[in-house]
file protein.cif (mmCIF, C-alpha atoms)
data_entry
#
loop_
_atom_site.label_atom_id
_atom_site.label_comp_id
_atom_site.auth_asym_id
_atom_site.auth_seq_id
_atom_site.Cartn_x
_atom_site.Cartn_y
_atom_site.Cartn_z
CA MET A 1 43.80 -19.56 -64.27
CA ALA A 2 41.90 -19.71 -60.98
CA ALA A 3 39.09 -17.65 -62.49
CA LEU A 4 39.08 -19.94 -65.51
CA ALA A 5 38.82 -22.98 -63.25
CA ALA A 6 35.86 -21.32 -61.54
CA GLY A 7 34.06 -21.11 -64.90
CA ASP A 8 34.62 -17.40 -65.61
CA ARG A 9 33.96 -16.86 -69.32
CA HIS A 10 35.74 -13.49 -69.26
CA ALA A 11 38.89 -15.26 -68.06
CA MET A 12 38.59 -17.66 -71.00
CA ALA A 13 38.21 -14.74 -73.39
CA GLN A 14 41.36 -13.21 -71.92
CA VAL A 15 43.27 -16.49 -72.35
CA ILE A 16 42.16 -16.67 -75.99
CA ARG A 17 43.15 -13.05 -76.65
CA ARG A 18 46.52 -13.52 -75.01
CA HIS A 19 47.49 -16.88 -76.50
CA GLY A 20 45.30 -17.31 -79.59
CA PRO A 21 47.36 -15.52 -82.26
CA GLY A 22 50.67 -17.10 -81.28
CA LEU A 23 49.06 -20.50 -80.84
CA ARG A 24 47.55 -20.38 -84.34
CA ARG A 25 50.92 -19.35 -85.86
CA PHE A 26 52.66 -22.18 -84.00
CA LEU A 27 50.06 -24.71 -85.14
CA ALA A 28 50.21 -23.47 -88.73
CA GLY A 29 53.88 -24.41 -88.67
CA MET A 30 53.10 -27.84 -87.27
CA LEU A 31 50.17 -28.77 -89.50
CA ALA A 32 49.56 -29.06 -93.23
CA ALA A 33 46.90 -26.38 -93.76
CA PRO A 34 45.93 -23.12 -92.06
CA HIS A 35 42.34 -24.23 -91.50
CA GLU A 36 43.66 -27.20 -89.53
CA ALA A 37 45.62 -24.81 -87.33
CA GLU A 38 42.43 -22.93 -86.52
CA ASP A 39 40.62 -26.20 -85.76
CA ILE A 40 43.38 -27.38 -83.43
CA ALA A 41 43.56 -23.98 -81.73
CA GLN A 42 39.82 -24.17 -81.05
CA GLU A 43 40.17 -27.71 -79.74
CA THR A 44 43.06 -26.57 -77.54
CA PHE A 45 40.95 -23.84 -75.98
CA LEU A 46 38.07 -26.26 -75.45
CA ARG A 47 40.44 -28.59 -73.61
CA VAL A 48 41.86 -25.70 -71.61
CA TRP A 49 38.32 -24.73 -70.59
CA SER A 50 37.34 -28.27 -69.61
CA ALA A 51 40.63 -29.10 -67.85
CA ALA A 52 41.21 -25.77 -66.10
CA THR A 53 40.45 -27.30 -62.69
CA ARG A 54 43.34 -29.75 -63.20
CA TYR A 55 45.88 -27.02 -64.00
CA ASP A 56 48.73 -27.05 -61.47
CA PRO A 57 50.77 -23.82 -61.33
CA ASP A 58 53.58 -25.68 -59.55
CA LYS A 59 54.16 -27.85 -62.62
CA ALA A 60 53.97 -25.32 -65.48
CA SER A 61 53.16 -21.75 -66.39
CA PRO A 62 49.81 -21.21 -68.12
CA SER A 63 51.44 -20.65 -71.52
CA THR A 64 53.54 -23.81 -71.19
CA TRP A 65 50.47 -25.82 -70.21
CA ILE A 66 48.42 -24.44 -73.12
CA TYR A 67 51.17 -25.00 -75.72
CA ARG A 68 51.75 -28.55 -74.45
CA ILE A 69 48.05 -29.30 -75.01
CA ALA A 70 48.27 -27.78 -78.50
CA LEU A 71 51.43 -29.73 -79.34
CA ARG A 72 49.84 -33.02 -78.33
CA LEU A 73 46.73 -32.26 -80.38
CA ALA A 74 48.85 -31.36 -83.42
CA ILE A 75 50.84 -34.58 -83.13
CA ASP A 76 47.61 -36.56 -82.82
CA ARG A 77 46.13 -34.81 -85.87
CA ASN A 78 49.21 -35.59 -87.96
CA ARG A 79 49.13 -39.23 -86.87
CA ARG A 80 45.40 -39.62 -87.43
CA THR A 81 45.36 -38.21 -90.91
CA GLY A 82 48.58 -39.94 -91.90
CA PHE A 83 49.80 -36.81 -93.64
CA ARG A 84 53.30 -35.58 -93.34
CA ARG A 85 53.58 -31.88 -93.31
CA PHE A 86 53.43 -30.68 -96.90
CA LEU A 87 54.43 -27.08 -97.46
CA GLY A 88 55.90 -25.19 -100.35
CA LEU A 89 55.00 -23.27 -103.46
CA ASP A 90 51.92 -25.41 -104.05
CA ALA A 91 50.48 -24.01 -100.82
CA ALA A 92 50.94 -20.40 -101.96
CA PRO A 93 48.01 -18.86 -103.83
CA GLU A 94 48.59 -17.74 -107.38
CA PRO A 95 48.63 -13.99 -107.98
CA GLU A 96 45.20 -12.71 -108.97
CA ASP A 97 46.44 -10.07 -111.38
CA GLU A 98 49.60 -8.59 -112.79
CA THR A 99 49.73 -5.45 -110.67
CA PRO A 100 53.07 -3.65 -110.31
CA GLY A 101 53.64 -5.41 -106.97
CA ALA A 102 52.96 -8.90 -108.32
CA GLU A 103 56.62 -9.75 -108.89
CA SER A 104 57.66 -8.82 -105.36
CA SER A 105 54.62 -10.64 -104.00
CA LEU A 106 55.55 -13.77 -105.94
CA ALA A 107 59.17 -13.52 -104.78
CA ALA A 108 57.98 -13.23 -101.17
CA ARG A 109 55.72 -16.28 -101.58
CA GLN A 110 58.59 -18.22 -103.12
CA ALA A 111 60.87 -17.29 -100.22
CA LEU A 112 58.14 -18.31 -97.79
CA GLY A 113 57.72 -21.58 -99.65
CA LEU A 114 61.46 -22.27 -99.39
CA ALA A 115 61.43 -21.50 -95.68
CA ARG A 116 58.44 -23.77 -95.13
CA ALA A 117 60.06 -26.56 -97.12
CA GLY A 118 63.23 -26.12 -95.07
CA LEU A 119 61.25 -26.33 -91.84
CA ALA A 120 59.42 -29.40 -93.08
CA ALA A 121 62.74 -31.14 -93.73
CA LEU A 122 63.96 -30.66 -90.14
CA PRO A 123 63.53 -33.45 -87.59
CA ASP A 124 60.31 -33.04 -85.58
CA ARG A 125 61.87 -31.99 -82.26
CA GLN A 126 64.11 -29.41 -83.94
CA ARG A 127 61.17 -27.98 -85.90
CA ARG A 128 59.00 -27.80 -82.77
CA ALA A 129 61.70 -26.04 -80.75
CA LEU A 130 62.43 -23.57 -83.53
CA LEU A 131 58.75 -22.77 -84.08
CA LEU A 132 58.13 -22.29 -80.37
CA ARG A 133 61.07 -19.88 -80.19
CA ALA A 134 60.20 -17.97 -83.35
CA VAL A 135 56.44 -17.79 -82.97
CA THR A 136 55.91 -17.50 -79.23
CA GLU A 137 59.27 -16.03 -78.17
CA MET A 138 59.24 -18.49 -75.26
CA SER A 139 62.37 -18.80 -73.16
CA THR A 140 64.52 -21.89 -73.43
CA ALA A 141 63.17 -23.11 -70.08
CA GLU A 142 59.56 -22.67 -71.24
CA ILE A 143 60.26 -24.54 -74.48
CA ALA A 144 61.90 -27.29 -72.46
CA ALA A 145 58.76 -27.57 -70.34
CA VAL A 146 56.55 -27.80 -73.44
CA LEU A 147 58.74 -30.38 -75.15
CA GLY A 148 59.53 -32.31 -72.00
CA GLY A 149 63.28 -31.80 -71.92
CA THR A 150 65.99 -29.69 -70.34
CA PRO A 151 66.96 -26.12 -71.27
CA GLY A 152 70.38 -27.38 -72.39
CA ALA A 153 68.78 -29.93 -74.71
CA VAL A 154 66.54 -27.22 -76.14
CA GLU A 155 69.56 -24.99 -76.81
CA GLN A 156 71.16 -27.87 -78.72
CA LEU A 157 67.93 -28.45 -80.67
CA LEU A 158 67.81 -24.77 -81.62
CA VAL A 159 71.46 -24.72 -82.68
CA ARG A 160 71.00 -27.86 -84.79
CA ALA A 161 67.73 -26.57 -86.25
CA ARG A 162 69.25 -23.25 -87.31
CA SER A 163 72.31 -24.98 -88.70
CA GLY A 164 70.14 -27.49 -90.55
CA LEU A 165 67.99 -24.74 -92.02
CA ARG A 166 71.06 -22.85 -93.21
CA ALA A 167 72.42 -26.03 -94.80
CA LEU A 168 69.10 -26.83 -96.48
CA MET A 169 68.38 -23.29 -97.59
CA GLY A 170 71.83 -22.07 -98.48
CA ASP A 171 71.58 -18.64 -100.06
CA LYS A 172 68.22 -19.41 -101.72
CA LEU A 173 66.18 -17.52 -99.13
CA LEU A 174 68.00 -14.22 -99.17
#

call {"tool": "encode", "arguments": {"input": "protein.cif", "output": "structure tokens"}}
result
Amino acid sequence: MAALAAGDRHAMAQVIRRHGPGLRRFLAGMLAAPHEAEDIAQETFLRVWSAATRYDPDKASPSTWIYRIALRLAIDRNRRTGFRRFLGLDAAPEPEDETPGAESSLAARQALGLARAGLAALPDRQRRALLLRAVTEMSTAEIAAVLGGTPGAVEQLLVRARSGLRALMGDKLL
């Protein structure tokens, strides 16, 4: 982060390589469309680049700091556009042809649609905690830092989120 603050472009490239894929997956779970996730990821990295001199390692790890920026941008995007997260079968592309694997592909898309709909039905804080755990494999303490809570509160959010998903999904997913 010190090299990034000094304006080292190679350090920025390393930050993007290290955090980009997980950040885009996290944002795709927070936003309505994949292209919005890419836009917010790019905006996140622009903000990281411009604010690198203000990064304080005593307050947060680099990943926590980056994901907190991304989370705030995603919340702002959802508020600005006025859209609630809309995910499901409508978001899945139709199969292009009837190849032998088309049925399993459709079943997988339907299962993904059910999972996305289940995630969309969770309260915001539960969904955020669950996505941070699943996508980034952050520790409970890191998730707490991103969400602005305590590790114990995050554990409760994760328990409630998993329980809520099971209740919403039932045996439909598997």

call {"tool": "residues_around", "arguments": {"input": "protein.cif", "residues": "segment 18-23 of chain A", "least_positions_apart": "6", "cutoff": "8 Å", "atoms": "only C-alpha atoms", "output": "list of chain:residue names"}}
result
A:Ala41, A:Ser63, A:Tyr67, A:Ala70, A:Val135, A:Thr136

call {"tool": "atom_distance", "arguments": {"input": "protein.cif", "atom1": "atom CA of Leu4 of chain A", "atom2": "atom CA of Pro62 of chain A"}}
result
11.1 Å

call {"tool": "closest_residue", "arguments": {"input": "protein.cif", "among": "A:Arg160, A:His10, A:Arg25, A:Arg54", "to": "Leu131 of chain A", "atoms": "only C-alpha atoms"}}
result
A:Arg25

call {"tool": "closest_residue", "arguments": {"input": "protein.cif", "among": "A:Leu130, A:Val48, A:Ala2, A:Ala117", "to": "Thr64 of chain A", "atoms": "all atoms listed in the file"}}
result
A:Val48

call {"tool": "atom_distance", "arguments": {"input": "protein.cif", "atom1": "atom CA of Leu119 of chain A", "atom2": "atom CA of Gly148 of chain A"}}
result
20.8 Å

call {"tool": "closest_residue", "arguments": {"input": "protein.cif", "among": "A:Ala134, A:Ala121, A:Ala5, A:Leu31", "to": "Arg79 of chain A", "atoms": "only C-alpha atoms"}}
result
A:Leu31

call {"tool": "closest_residue", "arguments": {"input": "protein.cif", "among": "A:Ala37, A:Leu114, A:Ala129, A:Val15", "to": "Pro151 of chain A", "atoms": "all atoms listed in the file"}}
result
A:Ala129

call {"tool": "atom_distance", "arguments": {"input": "protein.cif", "atom1": "atom CA of Ile16 of chain A", "atom2": "atom CA of Ser50 of chain A"}}
result
14.1 Å

call {"tool": "closest_residue", "arguments": {"input": "protein.cif", "among": "A:Leu46, A:Ala52, A:Leu165, A:Ala74", "to": "Ala120 of chain A", "atoms": "all atoms listed in the file"}}
result
A:Leu165

call {"tool": "residues_around", "arguments": {"input": "protein.cif", "residues": "Arg162 of chain A", "least_positions_apart": "6", "cutoff": "10 Å", "atoms": "all atoms listed in the file", "output": "count of residues only"}}
result
7

call {"tool": "residues_around", "arguments": {"input": "protein.cif", "residues": "Ala145 of chain A", "least_positions_apart": "4", "cutoff": "10 Å", "atoms": "only C-alpha atoms", "output": "list in words"}}
result
Lys59, Ala60, Ser61, Thr64, Trp65, Tyr67, Arg68, Ser139, Thr140, Ala141, Gly149, Thr150, Pro151 and Val154 of chain A

call {"tool": "write_last_selection", "arguments": {"input": "protein.cif", "atoms": "C-alpha atoms", "output": "JSON list (two decimals), in the coordinates of the input"}}
result
[["chain", "number", "residue", "atom", "x", "y", "z"],
["A", 59, "LYS", "CA", 54.16, -27.85, -62.62],
["A", 60, "ALA", "CA", 53.97, -25.32, -65.48],
["A", 61, "SER", "CA", 53.16, -21.75, -66.39],
["A", 64, "THR", "CA", 53.54, -23.81, -71.19],
["A", 65, "TRP", "CA", 50.47, -25.82, -70.21],
["A", 67, "TYR", "CA", 51.17, -25.00, -75.72],
["A", 68, "ARG", "CA", 51.75, -28.55, -74.45],
["A", 139, "SER", "CA", 62.37, -18.80, -73.16],
["A", 140, "THR", "CA", 64.52, -21.89, -73.43],
["A", 141, "ALA", "CA", 63.17, -23.11, -70.08],
["A", 149, "GLY", "CA", 63.28, -31.80, -71.92],
["A", 150, "THR", "CA", 65.99, -29.69, -70.34],
["A", 151, "PRO", "CA", 66.96, -26.12, -71.27],
["A", 154, "VAL", "CA", 66.54, -27.22, -76.14]]

call {"tool": "residues_around", "arguments": {"input": "protein.cif", "residues": "Ala3 of chain A", "least_positions_apart": "4", "cutoff": "12 Å", "atoms": "only C-alpha atoms", "output": "PyMOL selection string"}}
result
chain A and resi 7-15+49+52-53+55

call {"tool": "closest_residue", "arguments": {"input": "protein.cif", "among": "A:Ile40, A:Met30, A:Leu71, A:Ala115", "to": "Gly164 of chain A", "atoms": "all atoms listed in the file"}}
result
A:Ala115

call {"tool": "build_atoms", "arguments": {"input": "protein.cif", "residues": "segment 46-60 of chain A", "atoms": "N, CA and C atoms", "output": "compact mmCIF listing (two decimals), in the frame of the given file"}}
result
# COMPACT_ATOMS: atom_id res chain seq x y z
N LEU A 46 39.13 -25.45 -76.07
CA LEU A 46 38.07 -26.26 -75.45
C LEU A 46 38.65 -27.15 -74.35
N ARG A 47 39.80 -27.73 -74.62
CA ARG A 47 40.44 -28.59 -73.61
C ARG A 47 40.93 -27.77 -72.42
N VAL A 48 41.43 -26.58 -72.70
CA VAL A 48 41.86 -25.70 -71.61
C VAL A 48 40.66 -25.38 -70.72
N TRP A 49 39.55 -25.05 -71.33
CA TRP A 49 38.32 -24.73 -70.59
C TRP A 49 37.88 -25.92 -69.74
N SER A 50 37.85 -27.10 -70.33
CA SER A 50 37.34 -28.27 -69.61
C SER A 50 38.34 -28.81 -68.59
N ALA A 51 39.62 -28.56 -68.76
CA ALA A 51 40.63 -29.10 -67.85
C ALA A 51 41.21 -28.05 -66.92
N ALA A 52 40.65 -26.87 -66.89
CA ALA A 52 41.21 -25.77 -66.10
C ALA A 52 41.30 -26.12 -64.61
N THR A 53 40.41 -26.93 -64.12
CA THR A 53 40.45 -27.30 -62.69
C THR A 53 41.64 -28.21 -62.39
N ARG A 54 42.18 -28.86 -63.40
CA ARG A 54 43.34 -29.75 -63.20
C ARG A 54 44.68 -29.04 -63.41
N TYR A 55 44.64 -27.77 -63.80
CA TYR A 55 45.88 -27.02 -64.00
C TYR A 55 46.61 -26.87 -62.66
N ASP A 56 47.91 -27.15 -62.68
CA ASP A 56 48.73 -27.05 -61.47
C ASP A 56 49.84 -26.03 -61.72
N PRO A 57 49.76 -24.85 -61.08
CA PRO A 57 50.77 -23.82 -61.33
C PRO A 57 52.17 -24.21 -60.85
N ASP A 58 52.27 -25.22 -60.00
CA ASP A 58 53.58 -25.68 -59.55
C ASP A 58 54.31 -26.49 -60.62
N LYS A 59 53.56 -27.01 -61.59
CA LYS A 59 54.16 -27.85 -62.62
C LYS A 59 54.50 -27.09 -63.90
N ALA A 60 53.73 -26.04 -64.22
CA ALA A 60 53.97 -25.32 -65.48
C ALA A 60 53.29 -23.96 -65.44
